[in-house]
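Trainee: Structure supplied as run37.txt; contents: compact mmCIF, C-alpha atoms and all ligand atoms.
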```
# COMPACT_ATOMS: atom_id res chain seq x y z
CA MET A 75 -8.43 9.52 -13.98
CA ASN A 76 -5.35 8.43 -15.94
CA ARG A 77 -5.45 5.13 -17.84
CA HIS A 78 -2.80 3.71 -15.46
CA LEU A 79 -2.15 3.86 -11.71
CA ILE A 80 1.61 3.85 -11.28
CA SER A 81 2.36 6.52 -8.68
CA ALA A 82 0.28 8.01 -5.87
CA GLY A 83 1.83 11.30 -6.96
CA ASP A 84 -0.09 11.07 -10.26
CA LEU A 85 -3.40 11.38 -8.42
CA ALA A 86 -4.90 14.86 -8.20
CA LYS A 87 -6.98 15.48 -5.06
CA ASP A 88 -10.23 15.00 -7.04
CA ASP A 89 -8.98 11.64 -8.43
CA ALA A 90 -7.99 10.43 -4.97
CA LEU A 91 -11.33 11.50 -3.46
CA LEU A 92 -13.21 9.86 -6.34
CA ILE A 93 -11.45 6.55 -5.61
CA LEU A 94 -12.14 6.83 -1.86
CA ASP A 95 -15.80 7.77 -2.42
CA THR A 96 -16.27 4.96 -4.98
CA ALA A 97 -14.74 2.52 -2.50
CA GLU A 98 -17.21 3.73 0.13
CA GLU A 99 -20.09 2.95 -2.25
CA LEU A 100 -18.60 -0.45 -3.11
CA ALA A 101 -18.16 -1.23 0.60
CA ARG A 102 -21.94 -0.94 0.94
CA VAL A 103 -22.33 -3.48 -1.88
CA SER A 104 -19.90 -5.80 -0.06
CA GLU A 105 -22.26 -5.81 2.93
CA ARG A 106 -25.02 -7.41 0.81
CA SER A 107 -25.53 -11.19 0.95
CA ILE A 108 -24.66 -11.38 -2.78
CA LYS A 109 -21.43 -9.41 -3.09
CA LYS A 110 -20.81 -9.87 -6.79
CA LEU A 111 -21.46 -7.12 -9.36
CA PRO A 112 -21.68 -7.74 -13.13
CA THR A 113 -19.72 -4.53 -13.83
CA LEU A 114 -16.59 -5.97 -15.46
CA ARG A 115 -18.16 -9.04 -17.10
CA GLY A 116 -16.18 -9.94 -20.23
CA ARG A 117 -13.10 -7.95 -19.12
CA THR A 118 -9.80 -9.66 -18.28
CA VAL A 119 -7.51 -8.69 -15.40
CA VAL A 120 -4.01 -10.22 -15.30
CA ASN A 121 -2.19 -10.34 -11.96
CA LEU A 122 1.52 -10.40 -12.80
CA PHE A 123 3.56 -11.07 -9.65
CA PHE A 124 7.35 -11.25 -9.88
CA GLU A 125 7.75 -10.78 -6.11
CA ASP A 126 6.06 -12.53 -3.20
CA SER A 127 2.77 -11.16 -1.89
CA THR A 128 -0.11 -12.36 0.25
CA ARG A 129 -2.43 -9.38 0.82
CA THR A 130 -2.03 -7.50 -2.47
CA ARG A 131 -2.20 -10.53 -4.76
CA ILE A 132 -5.21 -12.10 -3.07
CA SER A 133 -7.11 -8.81 -2.73
CA PHE A 134 -6.65 -7.86 -6.39
CA GLU A 135 -7.93 -11.32 -7.34
CA ALA A 136 -10.91 -11.01 -4.97
CA ALA A 137 -11.62 -7.46 -6.22
CA ALA A 138 -11.61 -8.45 -9.90
CA LYS A 139 -13.79 -11.51 -9.22
CA ARG A 140 -16.33 -9.47 -7.20
CA LEU A 141 -16.66 -7.26 -10.28
CA SER A 142 -17.15 -10.40 -12.48
CA ALA A 143 -13.93 -9.93 -14.48
CA ASP A 144 -12.01 -12.94 -15.79
CA VAL A 145 -8.78 -13.22 -13.80
CA ILE A 146 -5.45 -14.68 -14.91
CA ASN A 147 -2.92 -15.11 -12.11
CA PHE A 148 0.69 -15.15 -13.24
CA SER A 149 3.52 -15.87 -10.83
CA ALA A 150 7.13 -15.59 -12.05
CA LYS A 151 7.98 -18.74 -10.10
CA GLY A 152 7.18 -21.70 -12.35
CA SER A 153 6.79 -19.54 -15.50
CA SER A 154 9.09 -19.04 -18.52
CA VAL A 155 10.65 -16.10 -16.62
CA SER A 156 12.82 -18.73 -14.91
CA LYS A 157 14.07 -19.68 -18.44
CA GLY A 158 15.15 -16.08 -18.99
CA GLU A 159 12.05 -14.59 -20.68
CA SER A 160 12.09 -10.80 -20.39
CA LEU A 161 9.43 -8.56 -18.83
CA LYS A 162 8.61 -7.20 -22.29
CA ASP A 163 8.10 -10.65 -23.85
CA THR A 164 6.06 -11.76 -20.84
CA ALA A 165 3.92 -8.62 -21.19
CA LEU A 166 3.40 -9.13 -24.93
CA THR A 167 2.34 -12.74 -24.29
CA LEU A 168 -0.26 -11.55 -21.79
CA GLU A 169 -1.33 -8.78 -24.17
CA ALA A 170 -1.98 -11.44 -26.84
CA MET A 171 -4.35 -13.11 -24.38
CA GLY A 172 -6.43 -9.92 -24.26
CA ALA A 173 -5.62 -8.32 -20.90
CA ASP A 174 -7.73 -5.21 -20.21
CA ALA A 175 -5.73 -4.48 -17.06
CA VAL A 176 -2.36 -5.74 -15.85
CA VAL A 177 -1.63 -5.58 -12.13
CA ILE A 178 2.12 -5.85 -11.63
CA ARG A 179 4.39 -6.37 -8.63
CA HIS A 180 8.09 -6.35 -9.50
CA GLY A 181 11.38 -6.11 -7.61
CA SER A 182 12.67 -3.36 -9.90
CA SER A 183 11.58 0.23 -9.33
CA GLY A 184 10.09 1.53 -12.60
CA ALA A 185 8.93 -1.85 -13.99
CA PRO A 186 5.21 -0.80 -14.13
CA HIS A 187 6.20 2.40 -15.96
CA ARG A 188 8.06 0.33 -18.59
CA LEU A 189 5.15 -2.09 -18.88
CA ALA A 190 2.74 0.77 -19.60
CA ASN A 191 4.66 1.43 -22.85
CA TRP A 192 4.17 -2.13 -24.06
CA VAL A 193 0.54 -3.00 -23.35
CA ARG A 194 -2.74 -1.44 -24.49
CA GLY A 195 -4.60 -2.13 -21.25
CA SER A 196 -4.39 -0.27 -17.95
CA VAL A 197 -1.35 -0.93 -15.75
CA VAL A 198 -1.73 -0.93 -11.96
CA ASN A 199 1.37 -0.80 -9.80
CA ALA A 200 1.07 -3.39 -7.02
CA GLY A 201 4.51 -2.50 -5.63
CA ASP A 202 7.75 -1.86 -7.56
CA GLY A 203 11.04 -2.26 -5.73
CA THR A 204 11.53 0.49 -3.18
CA HIS A 205 9.57 2.97 -5.32
CA GLU A 206 5.78 2.95 -4.84
CA HIS A 207 2.71 0.98 -3.79
CA PRO A 208 -0.17 3.36 -4.62
CA THR A 209 -3.10 1.03 -3.84
CA GLN A 210 -1.63 0.44 -0.36
CA ALA A 211 -1.60 4.21 0.21
CA LEU A 212 -5.20 4.42 -1.02
CA LEU A 213 -6.39 1.64 1.27
CA ASP A 214 -4.49 3.24 4.15
CA ALA A 215 -6.16 6.63 3.49
CA PHE A 216 -9.54 4.87 3.20
CA SER A 217 -8.93 3.10 6.55
CA MET A 218 -7.92 6.40 8.22
CA ARG A 219 -10.93 8.21 6.79
CA ARG A 220 -13.33 5.52 8.03
CA ARG A 221 -11.95 5.78 11.59
CA LEU A 222 -11.18 9.51 11.80
CA GLY A 223 -13.23 11.29 9.11
CA ASN A 224 -11.72 13.99 6.87
CA LEU A 225 -7.91 13.76 6.62
CA GLU A 226 -7.37 17.52 6.18
CA GLY A 227 -4.94 18.65 8.93
CA ARG A 228 -4.64 15.16 10.47
CA LYS A 229 -1.19 14.34 11.86
CA VAL A 230 0.19 11.07 10.49
CA THR A 231 3.48 9.65 11.80
CA ILE A 232 5.19 6.99 9.68
CA VAL A 233 7.90 5.09 11.56
CA GLY A 234 10.74 2.80 10.58
CA ASP A 235 12.47 1.52 7.48
CA VAL A 236 11.54 4.37 5.13
CA LEU A 237 14.61 3.72 2.96
CA HIS A 238 13.27 0.41 1.62
CA SER A 239 9.57 1.27 1.85
CA ARG A 240 7.45 1.84 -1.23
CA VAL A 241 4.50 2.12 1.17
CA ALA A 242 6.05 5.16 2.91
CA ARG A 243 6.70 7.06 -0.33
CA SER A 244 3.19 6.43 -1.71
CA ASN A 245 1.62 7.37 1.63
CA VAL A 246 3.57 10.62 1.91
CA LEU A 247 2.56 11.65 -1.61
CA LEU A 248 -1.12 10.73 -1.25
CA LEU A 249 -1.55 12.09 2.28
CA ALA A 250 0.02 15.41 1.29
CA THR A 251 -2.47 15.60 -1.61
CA LEU A 252 -5.32 14.92 0.84
CA GLY A 253 -4.14 17.66 3.21
CA ALA A 254 -2.70 15.54 6.04
CA GLU A 255 0.54 16.50 7.80
CA VAL A 256 3.05 13.64 7.68
CA THR A 257 6.12 13.17 9.88
CA LEU A 258 8.62 10.42 9.12
CA VAL A 259 10.50 8.96 12.09
CA ALA A 260 13.49 6.71 11.42
CA PRO A 261 17.15 6.27 12.17
CA PRO A 262 19.18 8.47 9.77
CA THR A 263 20.53 5.30 8.08
CA LEU A 264 16.99 4.24 7.11
CA LEU A 265 15.98 7.49 5.40
CA PRO A 266 16.60 8.07 1.66
CA VAL A 267 18.99 10.94 0.83
CA SER A 268 16.18 12.58 -1.18
CA VAL A 269 13.80 12.75 1.80
CA GLY A 270 14.32 16.52 2.08
CA THR A 271 12.38 16.92 -1.19
CA TRP A 272 9.37 14.91 0.09
CA PRO A 273 6.27 16.83 1.29
CA CYS A 274 6.70 15.90 4.97
CA GLU A 275 8.65 16.55 8.18
CA VAL A 276 11.40 14.29 9.52
CA SER A 277 12.17 13.45 13.16
CA TYR A 278 14.55 11.02 14.87
CA ASP A 279 12.70 11.10 18.18
CA LEU A 280 9.61 8.89 18.24
CA ASP A 281 8.69 9.67 21.86
CA SER A 282 8.34 13.40 21.17
CA VAL A 283 6.11 12.87 18.08
CA LEU A 284 3.72 10.24 19.46
CA PRO A 285 1.63 12.56 21.72
CA LYS A 286 0.84 14.79 18.70
CA SER A 287 -0.17 11.97 16.31
CA ASP A 288 -3.66 11.07 15.08
CA VAL A 289 -2.23 8.07 13.22
CA VAL A 290 0.96 6.09 13.85
CA MET A 291 1.90 3.87 10.92
CA MET A 292 4.63 1.36 11.65
CA LEU A 293 6.72 0.05 8.74
CA ARG A 294 8.21 -3.40 8.42
CA VAL A 295 11.98 -3.60 8.76
CA GLN A 296 12.77 -5.10 5.34
CA LYS A 297 15.65 -7.37 6.24
CA GLU A 298 15.53 -9.05 2.82
CA ARG A 299 16.49 -5.74 1.12
CA MET A 300 19.32 -4.92 3.55
CA ASN A 301 22.85 -5.63 2.35
CA ALA A 302 24.57 -3.79 5.21
CA ALA A 303 24.16 -3.12 8.95
CA TYR A 304 21.70 -0.21 9.15
CA PHE A 305 21.36 -0.41 12.96
CA PRO A 306 23.46 -2.01 15.73
CA SER A 307 21.02 -4.85 16.58
CA GLU A 308 17.33 -5.76 16.35
CA ARG A 309 17.06 -5.17 20.10
CA GLU A 310 18.53 -1.68 19.79
CA TYR A 311 16.22 -0.86 16.84
CA SER A 312 13.21 -2.05 18.80
CA ARG A 313 14.23 -0.03 21.85
CA ARG A 314 14.54 3.23 19.84
CA TYR A 315 11.86 2.81 17.17
CA GLY A 316 9.55 -0.06 18.20
CA LEU A 317 5.93 0.64 19.22
CA ASP A 318 5.61 -1.17 22.54
CA ARG A 319 3.01 -0.83 25.28
CA GLU A 320 4.78 2.11 26.99
CA ARG A 321 5.00 4.12 23.75
CA PHE A 322 1.43 3.21 22.78
CA ALA A 323 0.33 4.80 26.11
CA LYS A 324 1.89 8.11 24.96
CA MET A 325 -0.48 8.37 21.98
CA PRO A 326 -3.72 10.40 22.27
CA ASP A 327 -6.71 8.24 23.29
CA GLU A 328 -8.38 8.44 19.85
CA ALA A 329 -5.20 7.87 17.81
CA ILE A 330 -4.96 4.74 15.68
CA VAL A 331 -2.13 2.33 14.87
CA MET A 332 -1.53 1.03 11.35
CA HIS A 333 0.85 -1.41 9.65
CA PRO A 334 0.74 -2.46 5.98
CA GLY A 335 1.86 -6.03 6.82
CA PRO A 336 3.54 -8.38 6.89
CA MET A 337 4.66 -7.52 10.45
CA ASN A 338 7.76 -8.40 12.43
CA ARG A 339 5.87 -8.81 15.71
CA GLY A 340 8.08 -7.97 18.66
CA MET A 341 10.45 -5.87 16.53
CA GLU A 342 8.75 -2.79 15.04
CA ILE A 343 5.45 -3.46 16.85
CA ALA A 344 4.51 -5.35 20.02
CA ALA A 345 1.89 -8.07 19.57
CA GLU A 346 -0.46 -6.48 22.13
CA VAL A 347 -0.37 -3.16 20.23
CA ALA A 348 -0.94 -4.87 16.86
CA ASP A 349 -3.94 -6.72 18.28
CA SER A 350 -5.45 -3.78 20.21
CA ALA A 351 -8.85 -2.23 19.41
CA ARG A 352 -7.08 0.90 18.14
CA SER A 353 -5.11 -1.09 15.56
CA THR A 354 -6.57 -1.03 12.02
CA ILE A 355 -4.31 -3.79 10.68
CA VAL A 356 -7.07 -6.31 9.96
CA GLU A 357 -9.40 -3.57 8.62
CA GLN A 358 -6.62 -2.48 6.25
CA VAL A 359 -6.65 -5.96 4.67
CA ALA A 360 -10.45 -5.93 4.21
CA ASN A 361 -10.35 -2.37 2.89
CA GLY A 362 -7.70 -3.48 0.39
CA VAL A 363 -10.32 -5.49 -1.51
CA THR A 364 -12.73 -2.55 -1.59
CA ILE A 365 -10.12 -0.02 -2.73
CA ARG A 366 -8.84 -2.37 -5.45
CA MET A 367 -12.42 -2.88 -6.65
CA ALA A 368 -12.76 0.91 -6.90
CA VAL A 369 -9.48 1.25 -8.82
CA LEU A 370 -10.35 -1.51 -11.31
CA TYR A 371 -13.89 -0.18 -11.66
CA LEU A 372 -12.71 3.37 -12.41
CA LEU A 373 -9.81 2.37 -14.70
CA LEU A 374 -11.91 -0.07 -16.72
CA GLY A 375 -14.89 2.26 -16.81
CA GLY A 376 -17.56 0.11 -15.21
CA GLU A 377 -20.82 1.26 -13.70
CA ILE A 378 -22.01 0.38 -10.21
CA ALA A 379 -25.15 -1.76 -10.62
N1 LIG H 401 1.14 -4.77 2.30
C1 LIG H 401 1.51 -5.59 1.32
O1 LIG H 401 1.84 -5.16 0.20
O2 LIG H 401 1.50 -6.93 1.65
P1 LIG H 401 1.86 -8.12 0.69
O3 LIG H 401 3.35 -8.05 0.41
O4 LIG H 401 1.48 -9.38 1.43
O5 LIG H 401 1.09 -7.96 -0.58
```
Please rewrite the model in this file as C-alpha cells.

Mentor:
Amino acid sequence: MNRHLISAGDLAKDDALLILDTAEELARVSERSIKKLPTLRGRTVVNLFFEDSTRTRISFEAAAKRLSADVINFSAKGSSVSKGESLKDTALTLEAMGADAVVIRHGSSGAPHRLANWVRGSVVNAGDGTHEHPTQALLDAFSMRRRLGNLEGRKVTIVGDVLHSRVARSNVLLLATLGAEVTLVAPPTLLPVSVGTWPCEVSYDLDSVLPKSDVVMMLRVQKERMNAAYFPSEREYSRRYGLDRERFAKMPDEAIVMHPGPMNRGMEIAAEVADSARSTIVEQVANGVTIRMAVLYLLLGGEIA
C-alpha cells in the first residue's frame, strides 16, 4: 500500500483486494457487542472538510473512533479559512498538532495531492472537486461483493451526471482493476470529453443496457456544480435517465441498485426503487464505516486485535 490514498487508480488489484478483505474482517468485529479496537490508540486522525458532507465525514469519524484513534474534526466554516488562511497554512497548523492521517474533502480537484507534499502523515482523499472519491468506490465495491460475490466479469452500469461525479471516475478505475465491465450511461452533455480514455463503455440508451446489468448505480444530478443548462428540464432528464418502477422491472431479478447519496428522490431515482429490497443504499452507508476503518488501519499500520 502507498502512504496516501488519493486516487482509486493508484490501487493495484492486490491493494484493492487487501482493503476489501480487511474490511470483511473488520465487519466481523463490528458485529461484536464491544465494537472498539485498541489498534490506533495514541494516533491522531484529522478530518479536514472544506465542502459539505454527511456520510463521508461522519463515517471517517466513526471509523477512527472505533479504532481508538484521537479525532480532530475541522470544518472550513467557522475556521480561519474564512479569514483567508490558505490550504498550506491550514495543513501546517494541523501538522503541528501531530496528525498521523489527514482526511480531506475539498472543492478543488487536486487539493489532496497538494496536501500530500506538505504533511508527514498519510493523506486520504474524501472527495476533491469533480476528480475522485476513492473510499466511496471502495465501499461500493465492498457492497457489490457482499451481495454478488466476486466482481470479475460483473456488468456495472453507472447512470447520470458523470461530468460532475468524482464517484463515477473512482468507480470506473477501481472496478476495471477488479475485473468488472463498466458502462456509463448519460446524456452527451453530462459526459467529460476525456471519457473515451476511461476503461469503460459508453451508452446513451439506458433501456437497452438495463437488462444486461448486474448492478445499476445511479448518480446524483449535481445542480450546485452546474453553471449552464445541461438538459432541457428536470422532467425530461428523469424521463430519459431516471430509474423509475418501469425501468427497474427491466433489470434482471438478481441485479442490485446503488446510489452514493445524497439522492434527488423522484429525479434520478424513484423513491420506491431507492427503498426496495434490491437497493443497497443504506448498506452502502454502513459499509462506509467498515471500509474507512480498513483504510485507516492499513495506512497507519495497525494490527487487528
Ligand atoms: N456519498 C457521499 O460522499 O456523501 P456525502 O457528501 O454526504 O459525504

Trainee: Find the residues near Ile93 of chain A: any atom within 9 Å, counting all atoms listed in the file, skip ones fewer than 5 places away on the same chain, and give them as a ChimeraX atom specification.

Mentor: /A:88,98,212,365,368-369,372

Trainee: Would you mind exporting C-alpha atoms of the selected residues as a PDB file, keeping the file's coordinate frame?

Mentor:
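Listed below is the output, selection.pdb:
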```pdb
ATOM      1  CA  ASP A  88     -10.230  15.000  -7.040  1.00  0.00           C
ATOM      2  CA  GLU A  98     -17.210   3.730   0.130  1.00  0.00           C
ATOM      3  CA  LEU A 212      -5.200   4.420  -1.020  1.00  0.00           C
ATOM      4  CA  ILE A 365     -10.120  -0.020  -2.730  1.00  0.00           C
ATOM      5  CA  ALA A 368     -12.760   0.910  -6.900  1.00  0.00           C
ATOM      6  CA  VAL A 369      -9.480   1.250  -8.820  1.00  0.00           C
ATOM      7  CA  LEU A 372     -12.710   3.370 -12.410  1.00  0.00           C
TER       8      LEU A 372
END
```

Trainee: With all atoms of ligand LIG 401 (chain H) from the file as input, state the centre and edge lengths in Å to one decimal of the axis-aligned box that has 4 Å extra on each side, as lines of an AutoDock Vina configuration file.

Mentor:
```
center_x = 2.2
center_y = -7.1
center_z = 0.9
size_x = 10.3
size_y = 12.6
size_z = 10.9
```

Trainee: Output the neighbourhood of ligand LIG 401 (chain H) as a list of chain:residue names, that is, all protein and nucleic acid residues with some atom at most 7 Å from the ligand, counting all atoms listed in the file.

Mentor: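 Going residue by residue within 7 Å of ligand LIG 401 (chain H), we get A:Asp126, A:Ser127, A:Thr128, A:Arg129, A:Thr130, A:Arg131, A:Gly201, A:Gln210, A:Pro334, A:Gly335, A:Pro336.
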
Trainee: Given the choices A:Val103, A:Val236, A:Val197, A:Leu213, which gets closest to Val356 of chain A if the distance is worked out from all atoms listed in the file?

Mentor: A:Leu213

Trainee: Between A:Asp281, A:Glu310, A:Glu206, A:Glu275, which one has atoms that come closest to Ser244 of chain A, using all atoms listed in the file?

Mentor: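 Smallest separation from Ser244 of chain A among the options: A:Glu206.
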
Trainee: Give me the residues near Ala101 of chain A as number ranges by chain, where near means some atom within 8 Å (using all atoms listed in the file) and where sequence neighbours in that chain fewer than 4 positions away do not count.

Mentor: A: 97, 105, 364

Trainee: Neighbours of Ala138 of chain A within 8 Å (only C-alpha atoms; same-chain residues fewer than 3 positions away dropped), as a list in words?

Mentor: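 Contacts, in chain order: Leu114, Val119, Phe134, Glu135, Leu141, Ser142, Ala143, Asp144, Val145, Met367 and Leu370 of chain A.
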
Trainee: Export C-alpha atoms of the chosen residues as a PDB file, keeping the file's coordinate frame?

Mentor:
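Contents of part.pdb, freshly written:
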```pdb
ATOM      1  CA  LEU A 114     -16.590  -5.970 -15.460  1.00  0.00           C
ATOM      2  CA  VAL A 119      -7.510  -8.690 -15.400  1.00  0.00           C
ATOM      3  CA  PHE A 134      -6.650  -7.860  -6.390  1.00  0.00           C
ATOM      4  CA  GLU A 135      -7.930 -11.320  -7.340  1.00  0.00           C
ATOM      5  CA  LEU A 141     -16.660  -7.260 -10.280  1.00  0.00           C
ATOM      6  CA  SER A 142     -17.150 -10.400 -12.480  1.00  0.00           C
ATOM      7  CA  ALA A 143     -13.930  -9.930 -14.480  1.00  0.00           C
ATOM      8  CA  ASP A 144     -12.010 -12.940 -15.790  1.00  0.00           C
ATOM      9  CA  VAL A 145      -8.780 -13.220 -13.800  1.00  0.00           C
ATOM     10  CA  MET A 367     -12.420  -2.880  -6.650  1.00  0.00           C
ATOM     11  CA  LEU A 370     -10.350  -1.510 -11.310  1.00  0.00           C
TER      12      LEU A 370
END
```

Trainee: When you look at Phe148 of chain A with a cut-off of 7 Å (counting only C-alpha atoms), what residues show up, excluding the ones that are within fewer than 6 positions of it in the same chain? I need them as an MDAnalysis selection string.

Mentor: chainID A and resid 121:123

Trainee: Based on the selection just made, write C-alpha atoms of those residues as a PDB file, in the coordinates of the input.

Mentor:
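What ended up in selection16.pdb:
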```pdb
ATOM      1  CA  ASN A 121      -2.190 -10.340 -11.960  1.00  0.00           C
ATOM      2  CA  LEU A 122       1.520 -10.400 -12.800  1.00  0.00           C
ATOM      3  CA  PHE A 123       3.560 -11.070  -9.650  1.00  0.00           C
TER       4      PHE A 123
END
```

Trainee: Could you tell me how far atom CA of Thr118 of chain A sits from atom CA of Val198 of chain A, in Å to one decimal place?

Mentor: 13.5 Å

Trainee: Return segment 223-244 of chain A, completed with N, CA, C and O atoms, as a PDB file, in the coordinates of the input.

Mentor:
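Result saved to selection30.pdb:
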```pdb
ATOM      1  N   GLY A 223     -12.574  10.265   9.931  1.00  0.00           N
ATOM      2  CA  GLY A 223     -13.230  11.290   9.110  1.00  0.00           C
ATOM      3  C   GLY A 223     -12.225  11.977   8.188  1.00  0.00           C
ATOM      4  O   GLY A 223     -11.171  11.417   7.876  1.00  0.00           O
ATOM      5  N   ASN A 224     -12.544  13.223   7.816  1.00  0.00           N
ATOM      6  CA  ASN A 224     -11.720  13.990   6.870  1.00  0.00           C
ATOM      7  C   ASN A 224     -10.230  13.995   7.271  1.00  0.00           C
ATOM      8  O   ASN A 224      -9.917  14.160   8.450  1.00  0.00           O
ATOM      9  N   LEU A 225      -9.346  13.836   6.300  1.00  0.00           N
ATOM     10  CA  LEU A 225      -7.910  13.760   6.620  1.00  0.00           C
ATOM     11  C   LEU A 225      -7.224  15.122   6.637  1.00  0.00           C
ATOM     12  O   LEU A 225      -6.057  15.223   7.038  1.00  0.00           O
ATOM     13  N   GLU A 226      -7.939  16.160   6.207  1.00  0.00           N
ATOM     14  CA  GLU A 226      -7.370  17.520   6.180  1.00  0.00           C
ATOM     15  C   GLU A 226      -6.836  17.894   7.570  1.00  0.00           C
ATOM     16  O   GLU A 226      -7.575  17.847   8.555  1.00  0.00           O
ATOM     17  N   GLY A 227      -5.538  18.215   7.671  1.00  0.00           N
ATOM     18  CA  GLY A 227      -4.940  18.650   8.930  1.00  0.00           C
ATOM     19  C   GLY A 227      -4.624  17.524   9.923  1.00  0.00           C
ATOM     20  O   GLY A 227      -4.073  17.791  10.992  1.00  0.00           O
ATOM     21  N   ARG A 228      -4.946  16.286   9.573  1.00  0.00           N
ATOM     22  CA  ARG A 228      -4.640  15.160  10.470  1.00  0.00           C
ATOM     23  C   ARG A 228      -3.135  14.925  10.515  1.00  0.00           C
ATOM     24  O   ARG A 228      -2.450  15.065   9.495  1.00  0.00           O
ATOM     25  N   LYS A 229      -2.629  14.539  11.678  1.00  0.00           N
ATOM     26  CA  LYS A 229      -1.190  14.340  11.860  1.00  0.00           C
ATOM     27  C   LYS A 229      -0.878  12.843  11.776  1.00  0.00           C
ATOM     28  O   LYS A 229      -1.324  12.071  12.640  1.00  0.00           O
ATOM     29  N   VAL A 230      -0.137  12.478  10.730  1.00  0.00           N
ATOM     30  CA  VAL A 230       0.190  11.070  10.490  1.00  0.00           C
ATOM     31  C   VAL A 230       1.698  10.879  10.665  1.00  0.00           C
ATOM     32  O   VAL A 230       2.495  11.556  10.018  1.00  0.00           O
ATOM     33  N   THR A 231       2.068   9.958  11.547  1.00  0.00           N
ATOM     34  CA  THR A 231       3.480   9.650  11.800  1.00  0.00           C
ATOM     35  C   THR A 231       3.796   8.290  11.193  1.00  0.00           C
ATOM     36  O   THR A 231       3.108   7.306  11.478  1.00  0.00           O
ATOM     37  N   ILE A 232       4.802   8.244  10.336  1.00  0.00           N
ATOM     38  CA  ILE A 232       5.190   6.990   9.680  1.00  0.00           C
ATOM     39  C   ILE A 232       6.589   6.629  10.202  1.00  0.00           C
ATOM     40  O   ILE A 232       7.513   7.442  10.112  1.00  0.00           O
ATOM     41  N   VAL A 233       6.708   5.422  10.767  1.00  0.00           N
ATOM     42  CA  VAL A 233       7.900   5.090  11.560  1.00  0.00           C
ATOM     43  C   VAL A 233       8.622   3.865  11.013  1.00  0.00           C
ATOM     44  O   VAL A 233       8.005   2.815  10.802  1.00  0.00           O
ATOM     45  N   GLY A 234       9.929   3.992  10.824  1.00  0.00           N
ATOM     46  CA  GLY A 234      10.740   2.800  10.580  1.00  0.00           C
ATOM     47  C   GLY A 234      11.588   2.837   9.335  1.00  0.00           C
ATOM     48  O   GLY A 234      12.202   3.858   9.029  1.00  0.00           O
ATOM     49  N   ASP A 235      11.567   1.719   8.611  1.00  0.00           N
ATOM     50  CA  ASP A 235      12.470   1.520   7.480  1.00  0.00           C
ATOM     51  C   ASP A 235      11.943   2.235   6.229  1.00  0.00           C
ATOM     52  O   ASP A 235      11.460   1.612   5.287  1.00  0.00           O
ATOM     53  N   VAL A 236      12.041   3.564   6.259  1.00  0.00           N
ATOM     54  CA  VAL A 236      11.540   4.370   5.130  1.00  0.00           C
ATOM     55  C   VAL A 236      12.381   4.113   3.880  1.00  0.00           C
ATOM     56  O   VAL A 236      11.873   4.087   2.756  1.00  0.00           O
ATOM     57  N   LEU A 237      13.675   3.876   4.086  1.00  0.00           N
ATOM     58  CA  LEU A 237      14.610   3.720   2.960  1.00  0.00           C
ATOM     59  C   LEU A 237      14.144   2.649   1.969  1.00  0.00           C
ATOM     60  O   LEU A 237      14.214   2.839   0.761  1.00  0.00           O
ATOM     61  N   HIS A 238      13.651   1.527   2.496  1.00  0.00           N
ATOM     62  CA  HIS A 238      13.270   0.410   1.620  1.00  0.00           C
ATOM     63  C   HIS A 238      11.760   0.342   1.377  1.00  0.00           C
ATOM     64  O   HIS A 238      11.276  -0.631   0.815  1.00  0.00           O
ATOM     65  N   SER A 239      11.035   1.379   1.830  1.00  0.00           N
ATOM     66  CA  SER A 239       9.570   1.270   1.850  1.00  0.00           C
ATOM     67  C   SER A 239       8.886   2.005   0.703  1.00  0.00           C
ATOM     68  O   SER A 239       8.838   3.235   0.673  1.00  0.00           O
ATOM     69  N   ARG A 240       8.295   1.237  -0.192  1.00  0.00           N
ATOM     70  CA  ARG A 240       7.450   1.840  -1.230  1.00  0.00           C
ATOM     71  C   ARG A 240       6.130   2.335  -0.614  1.00  0.00           C
ATOM     72  O   ARG A 240       5.507   3.261  -1.115  1.00  0.00           O
ATOM     73  N   VAL A 241       5.733   1.707   0.479  1.00  0.00           N
ATOM     74  CA  VAL A 241       4.500   2.120   1.170  1.00  0.00           C
ATOM     75  C   VAL A 241       4.663   3.544   1.729  1.00  0.00           C
ATOM     76  O   VAL A 241       3.758   4.379   1.611  1.00  0.00           O
ATOM     77  N   ALA A 242       5.830   3.829   2.320  1.00  0.00           N
ATOM     78  CA  ALA A 242       6.050   5.160   2.910  1.00  0.00           C
ATOM     79  C   ALA A 242       5.985   6.240   1.835  1.00  0.00           C
ATOM     80  O   ALA A 242       5.304   7.259   2.002  1.00  0.00           O
ATOM     81  N   ARG A 243       6.676   6.025   0.727  1.00  0.00           N
ATOM     82  CA  ARG A 243       6.700   7.060  -0.330  1.00  0.00           C
ATOM     83  C   ARG A 243       5.287   7.326  -0.862  1.00  0.00           C
ATOM     84  O   ARG A 243       4.859   8.472  -0.990  1.00  0.00           O
ATOM     85  N   SER A 244       4.543   6.236  -1.159  1.00  0.00           N
ATOM     86  CA  SER A 244       3.190   6.430  -1.710  1.00  0.00           C
ATOM     87  C   SER A 244       2.287   7.116  -0.682  1.00  0.00           C
ATOM     88  O   SER A 244       1.459   7.964  -1.034  1.00  0.00           O
TER      89      SER A 244
END
```
